[in-house]
Amino acid sequence: MRISAVVIVFVRHHGKILFLQRSKERSYYAGKWQMVSGTLDQKEWVEDAALREVREETGLHGTIAYEGKSFEYYDEKIDVRFVIIPFIVDVDTPTVQLSTEHIAYAWIEPKDYVHYDCMPGTLEDFKAVNLL
């Protein structure tokens, strides 16, 4: 089993959260919806990783509004234990420039995530930043 430290970033604009659909070419969970996320680079501060992932995946720049409670999640499908570090990052514009990691995006009310085919653990992610 592999262990991976990951930031999950709720990009927020006027109360709505940015949801991203994973590319169909992704090696696992292709086509599923998620928030901005990514692994930490070696010796990288978690706050820096959160803002870097927002820039890389959306082209947006923002400020950290909240750091949620970190937690662990084991994904049996891929045999990885994730240490999740959740953030809320506020942005000034809703104009997104997707990276090749994603094929679509939507700005949603937090409660509406249930209408999307999400990555496993999405409810826990929302709870960790007190959005649900």
# chains A, B, ... in the order shown; residues from 1 in each chain; ligands from 1
call {"tool": "residues_around", "arguments": {"residues": "A:Leu98", "least_positions_apart": "4", "cutoff": "7 Å", "atoms": "only C-alpha atoms", "output": "PyMOL selection string"}}
result
chain A and resi 57-58+102
call {"tool": "select_by_dssp", "arguments": {"residues": "chain A", "states": "alpha helix (DSSP H)", "output": "ChimeraX atom specification"}}
result
/A:46-58,122-128
call {"tool": "write_last_selection", "arguments": {"atoms": "all heavy atoms", "output": "compact mmCIF listing (two decimals), in the first residue's frame"}}
result
# COMPACT_ATOMS: atom_id res chain seq x y z
N VAL A 46 1.99 23.02 2.63
CA VAL A 46 0.65 22.63 2.16
C VAL A 46 -0.10 23.82 1.57
O VAL A 46 -0.81 23.67 0.58
CB VAL A 46 -0.18 21.94 3.26
CG1 VAL A 46 0.41 20.59 3.62
CG2 VAL A 46 -0.35 22.81 4.49
N GLU A 47 0.05 25.01 2.14
CA GLU A 47 -0.62 26.20 1.60
C GLU A 47 -0.13 26.51 0.19
O GLU A 47 -0.92 26.85 -0.70
CB GLU A 47 -0.39 27.41 2.51
CG GLU A 47 -0.96 27.27 3.90
CD GLU A 47 -0.01 26.58 4.89
OE1 GLU A 47 1.06 26.10 4.48
OE2 GLU A 47 -0.37 26.51 6.08
N ASP A 48 1.18 26.38 -0.02
CA ASP A 48 1.75 26.61 -1.35
C ASP A 48 1.23 25.58 -2.34
O ASP A 48 0.94 25.90 -3.50
CB ASP A 48 3.28 26.57 -1.30
CG ASP A 48 3.88 27.71 -0.50
OD1 ASP A 48 3.20 28.74 -0.32
OD2 ASP A 48 5.03 27.56 -0.03
N ALA A 49 1.12 24.33 -1.90
CA ALA A 49 0.60 23.27 -2.78
C ALA A 49 -0.84 23.55 -3.18
O ALA A 49 -1.21 23.37 -4.34
CB ALA A 49 0.70 21.91 -2.08
N ALA A 50 -1.65 24.01 -2.24
CA ALA A 50 -3.06 24.31 -2.54
C ALA A 50 -3.16 25.40 -3.61
O ALA A 50 -3.90 25.25 -4.59
CB ALA A 50 -3.80 24.73 -1.28
N LEU A 51 -2.43 26.49 -3.44
CA LEU A 51 -2.49 27.59 -4.41
C LEU A 51 -1.88 27.20 -5.75
O LEU A 51 -2.38 27.59 -6.81
CB LEU A 51 -1.80 28.83 -3.83
CG LEU A 51 -2.49 29.42 -2.59
CD1 LEU A 51 -1.64 30.53 -2.00
CD2 LEU A 51 -3.90 29.89 -2.90
N ARG A 52 -0.83 26.39 -5.72
CA ARG A 52 -0.20 25.91 -6.96
C ARG A 52 -1.18 25.05 -7.76
O ARG A 52 -1.34 25.21 -8.97
CB ARG A 52 1.07 25.11 -6.66
CG ARG A 52 1.69 24.47 -7.90
CD ARG A 52 2.93 23.63 -7.58
NE ARG A 52 2.72 22.63 -6.55
CZ ARG A 52 2.07 21.46 -6.72
NH1 ARG A 52 1.54 21.16 -7.89
NH2 ARG A 52 1.95 20.61 -5.71
N GLU A 53 -1.86 24.12 -7.07
CA GLU A 53 -2.80 23.25 -7.75
C GLU A 53 -3.95 24.05 -8.37
O GLU A 53 -4.40 23.75 -9.48
CB GLU A 53 -3.34 22.17 -6.81
CG GLU A 53 -2.34 21.10 -6.47
CD GLU A 53 -1.93 20.23 -7.65
OE1 GLU A 53 -2.68 20.16 -8.66
OE2 GLU A 53 -0.86 19.60 -7.59
N VAL A 54 -4.42 25.07 -7.67
CA VAL A 54 -5.48 25.93 -8.23
C VAL A 54 -4.99 26.57 -9.53
O VAL A 54 -5.69 26.54 -10.55
CB VAL A 54 -5.95 26.99 -7.22
CG1 VAL A 54 -6.85 28.03 -7.87
CG2 VAL A 54 -6.65 26.34 -6.03
N ARG A 55 -3.79 27.13 -9.51
CA ARG A 55 -3.23 27.77 -10.72
C ARG A 55 -3.06 26.76 -11.84
O ARG A 55 -3.43 27.02 -12.99
CB ARG A 55 -1.88 28.42 -10.41
CG ARG A 55 -1.96 29.73 -9.68
CD ARG A 55 -0.60 30.43 -9.60
NE ARG A 55 0.49 29.58 -9.17
CZ ARG A 55 0.83 29.35 -7.90
NH1 ARG A 55 0.15 29.91 -6.92
NH2 ARG A 55 1.85 28.57 -7.61
N GLU A 56 -2.47 25.60 -11.53
CA GLU A 56 -2.18 24.60 -12.56
C GLU A 56 -3.45 24.03 -13.20
O GLU A 56 -3.49 23.81 -14.40
CB GLU A 56 -1.36 23.45 -11.97
CG GLU A 56 0.07 23.81 -11.66
CD GLU A 56 0.84 22.67 -11.02
OE1 GLU A 56 0.28 21.57 -10.80
OE2 GLU A 56 2.03 22.89 -10.72
N GLU A 57 -4.47 23.77 -12.39
CA GLU A 57 -5.65 23.08 -12.91
C GLU A 57 -6.73 24.02 -13.44
O GLU A 57 -7.59 23.58 -14.21
CB GLU A 57 -6.25 22.19 -11.82
CG GLU A 57 -5.33 21.04 -11.44
CD GLU A 57 -5.92 20.08 -10.44
OE1 GLU A 57 -7.16 20.11 -10.21
OE2 GLU A 57 -5.16 19.28 -9.88
N THR A 58 -6.69 25.30 -13.05
CA THR A 58 -7.78 26.21 -13.44
C THR A 58 -7.32 27.53 -14.04
O THR A 58 -8.14 28.26 -14.59
CB THR A 58 -8.67 26.54 -12.23
OG1 THR A 58 -7.92 27.38 -11.33
CG2 THR A 58 -9.15 25.29 -11.53
N THR A 122 -16.03 12.25 -1.51
CA THR A 122 -16.38 13.65 -1.71
C THR A 122 -17.16 14.23 -0.54
O THR A 122 -16.91 15.36 -0.12
CB THR A 122 -17.16 13.83 -3.04
OG1 THR A 122 -16.31 13.41 -4.11
CG2 THR A 122 -17.57 15.26 -3.26
N LEU A 123 -18.09 13.49 0.02
CA LEU A 123 -18.85 13.98 1.17
C LEU A 123 -17.92 14.30 2.33
O LEU A 123 -18.06 15.35 2.97
CB LEU A 123 -19.91 12.97 1.60
CG LEU A 123 -20.70 13.34 2.86
CD1 LEU A 123 -21.43 14.67 2.70
CD2 LEU A 123 -21.68 12.22 3.22
N GLU A 124 -16.95 13.43 2.60
CA GLU A 124 -15.99 13.67 3.68
C GLU A 124 -15.18 14.94 3.41
O GLU A 124 -14.86 15.69 4.34
CB GLU A 124 -15.06 12.47 3.85
CG GLU A 124 -15.73 11.24 4.41
CD GLU A 124 -16.50 10.42 3.37
OE1 GLU A 124 -16.42 10.74 2.14
OE2 GLU A 124 -17.19 9.48 3.76
N ASP A 125 -14.86 15.19 2.14
CA ASP A 125 -14.12 16.40 1.78
C ASP A 125 -14.94 17.64 2.15
O ASP A 125 -14.42 18.58 2.76
CB ASP A 125 -13.80 16.43 0.28
CG ASP A 125 -12.88 15.31 -0.16
OD1 ASP A 125 -12.14 14.77 0.68
OD2 ASP A 125 -12.91 14.98 -1.37
N PHE A 126 -16.21 17.66 1.77
CA PHE A 126 -17.09 18.80 2.08
C PHE A 126 -17.22 19.00 3.58
O PHE A 126 -17.18 20.12 4.07
CB PHE A 126 -18.48 18.60 1.46
CG PHE A 126 -18.61 19.08 0.04
CD1 PHE A 126 -18.48 18.20 -1.01
CD2 PHE A 126 -18.86 20.40 -0.24
CE1 PHE A 126 -18.60 18.63 -2.32
CE2 PHE A 126 -18.98 20.86 -1.55
CZ PHE A 126 -18.85 19.95 -2.59
N LYS A 127 -17.37 17.91 4.30
CA LYS A 127 -17.51 18.01 5.77
C LYS A 127 -16.23 18.57 6.43
O LYS A 127 -16.32 19.28 7.41
CB LYS A 127 -17.84 16.64 6.36
CG LYS A 127 -19.27 16.21 6.08
CD LYS A 127 -19.54 14.85 6.71
CE LYS A 127 -20.99 14.43 6.51
NZ LYS A 127 -21.24 13.10 7.11
N ALA A 128 -15.08 18.23 5.86
CA ALA A 128 -13.80 18.66 6.45
C ALA A 128 -13.59 20.17 6.41
O ALA A 128 -12.80 20.71 7.16
CB ALA A 128 -12.64 17.96 5.75
call {"tool": "residues_around", "arguments": {"residues": "A:Asp79", "least_positions_apart": "4", "cutoff": "8 Å", "atoms": "only C-alpha atoms", "output": "PyMOL selection string"}}
result
chain A and resi 1-2+74-75
call {"tool": "write_last_selection", "arguments": {"atoms": "all heavy atoms", "output": "mmCIF file, in the first residue's frame"}}
result
data_model
loop_
_atom_site.group_PDB
_atom_site.id
_atom_site.type_symbol
_atom_site.label_atom_id
_atom_site.label_comp_id
_atom_site.auth_asym_id
_atom_site.auth_seq_id
_atom_site.Cartn_x
_atom_site.Cartn_y
_atom_site.Cartn_z
ATOM 1 N N MET A 1 0.850 -1.186 0.000
ATOM 2 C CA MET A 1 0.000 0.000 0.000
ATOM 3 C C MET A 1 0.890 1.242 0.000
ATOM 4 O O MET A 1 1.865 1.342 0.722
ATOM 5 C CB MET A 1 -0.895 0.004 1.231
ATOM 6 C CG MET A 1 -1.657 1.297 1.384
ATOM 7 S SD MET A 1 -2.759 1.397 2.803
ATOM 8 C CE MET A 1 -1.728 0.885 4.136
ATOM 9 N N ARG A 2 0.494 2.193 -0.815
ATOM 10 C CA ARG A 2 1.196 3.470 -0.929
ATOM 11 C C ARG A 2 0.475 4.499 -0.066
ATOM 12 O O ARG A 2 -0.741 4.426 0.131
ATOM 13 C CB ARG A 2 1.169 3.889 -2.400
ATOM 14 C CG ARG A 2 1.996 5.091 -2.739
ATOM 15 C CD ARG A 2 2.092 5.265 -4.252
ATOM 16 N NE ARG A 2 0.803 5.351 -4.910
ATOM 17 C CZ ARG A 2 0.227 6.495 -5.297
ATOM 18 N NH1 ARG A 2 0.831 7.642 -5.107
ATOM 19 N NH2 ARG A 2 -0.945 6.490 -5.894
ATOM 20 N N TYR A 74 -8.727 5.708 2.916
ATOM 21 C CA TYR A 74 -8.132 4.566 2.218
ATOM 22 C C TYR A 74 -8.991 4.220 1.008
ATOM 23 O O TYR A 74 -10.192 4.006 1.124
ATOM 24 C CB TYR A 74 -8.024 3.352 3.136
ATOM 25 C CG TYR A 74 -7.494 2.133 2.415
ATOM 26 C CD1 TYR A 74 -6.192 2.099 1.920
ATOM 27 C CD2 TYR A 74 -8.305 1.025 2.201
ATOM 28 C CE1 TYR A 74 -5.710 1.004 1.236
ATOM 29 C CE2 TYR A 74 -7.826 -0.082 1.514
ATOM 30 C CZ TYR A 74 -6.533 -0.086 1.044
ATOM 31 O OH TYR A 74 -6.065 -1.177 0.356
ATOM 32 N N ASP A 75 -8.369 4.183 -0.157
ATOM 33 C CA ASP A 75 -9.057 3.843 -1.389
ATOM 34 C C ASP A 75 -8.680 2.409 -1.766
ATOM 35 O O ASP A 75 -7.579 2.153 -2.247
ATOM 36 C CB ASP A 75 -8.670 4.816 -2.501
ATOM 37 C CG ASP A 75 -9.517 4.668 -3.738
ATOM 38 O OD1 ASP A 75 -9.918 3.525 -4.067
ATOM 39 O OD2 ASP A 75 -9.781 5.688 -4.388
#
call {"tool": "residues_around", "arguments": {"residues": "A:Trp107", "least_positions_apart": "4", "cutoff": "6 Å", "atoms": "only C-alpha atoms", "output": "JSON, numbers by chain"}}
result
{"A": [16, 17, 18]}
call {"tool": "select_by_dssp", "arguments": {"residues": "stretch 25-82 of chain A", "states": "strand (DSSP E)", "output": "PyMOL selection string"}}
result
chain A and resi 33-34+36-39+62-67+71-75+80-82
call {"tool": "closest_residue", "arguments": {"among": "A:Thr39, A:Val91, A:Tyr66, A:Glu44", "to": "A:Asn130", "atoms": "only C-alpha atoms"}}
result
A:Tyr66
